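S.K.: Here it is, the structure, as structure tokens.
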Amino acid sequence: MAAPSAHDPDQALLARIAEIWNARAEGLISHMNLKIEEPRRDSVRIRMPFNPDFTADEEQTLIHGGILTALLDSAFGLANFLAVENVETMATLDLRVEYLRPAAARADVMVEAECYHQTRHVVFNSGRVWLDIPGRPEVARALAAFLVTRGEGMSFLEKLATGGPGA
């Protein structure tokens, strides 16, 4: 992740939130070893280093579709935390992935997730996945909807960033 500018406190906060989010990863997401490259107010770009444990073929080159889905779901969650004010909880309502071609290569997987619309209780996302190889086209696109609850006080991300209550 690029170092945030000392002159951009918003970018510094986004970078800190992304760092905390990644440090608190558990289970499969932790094993993915995700690298947050570009946290922005409404979107995020994440790199997943190639891992042969996530392949579905004997040659260990084809990334399993379930891994791509989990990667998208996680990236959408972070994009939502960055974009939505005062998020307390979040749950995936709908996640549709269109697999455009096999994710076959021993290369890092890139995902970009965007929070493109919000209502009081539902957040909508779009995303895309590609392999970090010059000239390689997208391997998947996705749309998602998340149910969110919002609090009145300090947001979940502010709690994490400041080490406040429940962090």
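We name chains A, B, ... following the order of the structure tokens; residues begin at 1 in each chain, and ligands are numbered from 1 as shown.
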Name the residues of chain A that come out as strand (DSSP E or B) in a backbone DSSP run; write them as an MDAnalysis selection string.
M.R.: chainID A and resid 35:39 43:48 55 62:63 87:99 104 109:118 122:131 138:150
S.K.: Please identify every residue of range 41-65 of chain A that has at least one atom no farther than 8 Å from an atom of range 93-109 of chain A, counting only C-alpha atoms, and for each give the shortest atom pair and the distance in Å to one decimal, arranged by chain then increasing number, as a tab-separated table.
M.R.:
```
residue	atom	partner	partner_atom	distance
A:Arg47	CA	A:Val109	CA	5.8
A:Met48	CA	A:Val109	CA	5.1
A:Pro49	CA	A:Asp108	CA	4.4
A:Phe50	CA	A:Asp108	CA	4.6
A:Gln60	CA	A:Arg106	CA	7.8
A:Thr61	CA	A:Ala105	CA	4.9
A:Leu62	CA	A:Ala104	CA	4.1
A:Ile63	CA	A:Ala103	CA	5.4
A:His64	CA	A:Ala103	CA	7.9
A:Gly65	CA	A:Tyr99	CA	7.9
```
S.K.: Keeping only C-alpha atoms, write the selected residues to a file as a PDB file, in the first residue's frame.
M.R.:
```pdb
ATOM      1  CA  ARG A  47      -4.128  -7.784  -4.180  1.00  0.00           C
ATOM      2  CA  MET A  48      -4.238 -11.468  -3.258  1.00  0.00           C
ATOM      3  CA  PRO A  49      -0.815 -13.051  -3.774  1.00  0.00           C
ATOM      4  CA  PHE A  50      -0.855 -16.302  -5.764  1.00  0.00           C
ATOM      5  CA  GLN A  60      -1.938 -25.610  -9.592  1.00  0.00           C
ATOM      6  CA  THR A  61      -2.692 -22.714 -11.928  1.00  0.00           C
ATOM      7  CA  LEU A  62      -6.524 -22.443 -11.924  1.00  0.00           C
ATOM      8  CA  ILE A  63      -7.848 -20.338  -9.015  1.00  0.00           C
ATOM      9  CA  HIS A  64     -11.012 -21.905  -7.551  1.00  0.00           C
ATOM     10  CA  GLY A  65     -14.180 -19.859  -8.156  1.00  0.00           C
TER      11      GLY A  65
END
```
S.K.: Any idea what's packed within 7 Å of Ser43 in chain A, counting only C-alpha atoms, ignoring anything in its chain fewer than 2 positions away? Could you give it as number ranges by chain?
M.R.: A: 39-41, 79, 113-115
S.K.: Which value, in Å to one decimal, gives the distance between CA of Ser126 in chain A and CA of Glu138 in chain A?
M.R.: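 The value is 13.6 Å.
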S.K.: Pick out the residues sitting within 9 Å of Ile67 in chain A, and hand them over as a list in words; count only C-alpha atoms, and ignore anything fewer than 4 positions along from it in its own chain.
M.R.: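 The residues that qualify are Leu28, Met32, Phe54, Thr55, Ile63, Leu71 and Leu72 of chain A.
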S.K.: Could you give me the residues within range 60-158 of chain A that DSSP places in alpha helix (DSSP H), as a ChimeraX atom specification?
M.R.: /A:65-83,156-158
S.K.: With C-alpha atoms retained, export the selected residues as a compact mmCIF listing (two decimals), in the first residue's frame.
M.R.:
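part.txt, written as the output of this step:
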```txt
# COMPACT_ATOMS: atom_id res chain seq x y z
CA GLY A 65 -14.18 -19.86 -8.16
CA GLY A 66 -15.12 -20.05 -4.48
CA ILE A 67 -11.91 -18.24 -3.59
CA LEU A 68 -12.77 -15.47 -6.06
CA THR A 69 -16.25 -15.16 -4.54
CA ALA A 70 -14.87 -14.96 -0.99
CA LEU A 71 -12.33 -12.37 -2.17
CA LEU A 72 -15.09 -10.23 -3.72
CA ASP A 73 -17.33 -10.51 -0.66
CA SER A 74 -14.50 -9.42 1.60
CA ALA A 75 -13.48 -6.54 -0.68
CA PHE A 76 -17.11 -5.36 -0.83
CA GLY A 77 -17.25 -5.39 2.97
CA LEU A 78 -14.18 -3.18 3.23
CA ALA A 79 -15.46 -0.82 0.52
CA ASN A 80 -18.70 -0.50 2.49
CA PHE A 81 -16.90 0.27 5.74
CA LEU A 82 -14.93 2.96 3.94
CA ALA A 83 -17.98 4.49 2.24
CA PHE A 156 -17.32 0.90 13.72
CA LEU A 157 -14.35 2.15 11.71
CA GLU A 158 -13.75 5.08 14.05
```
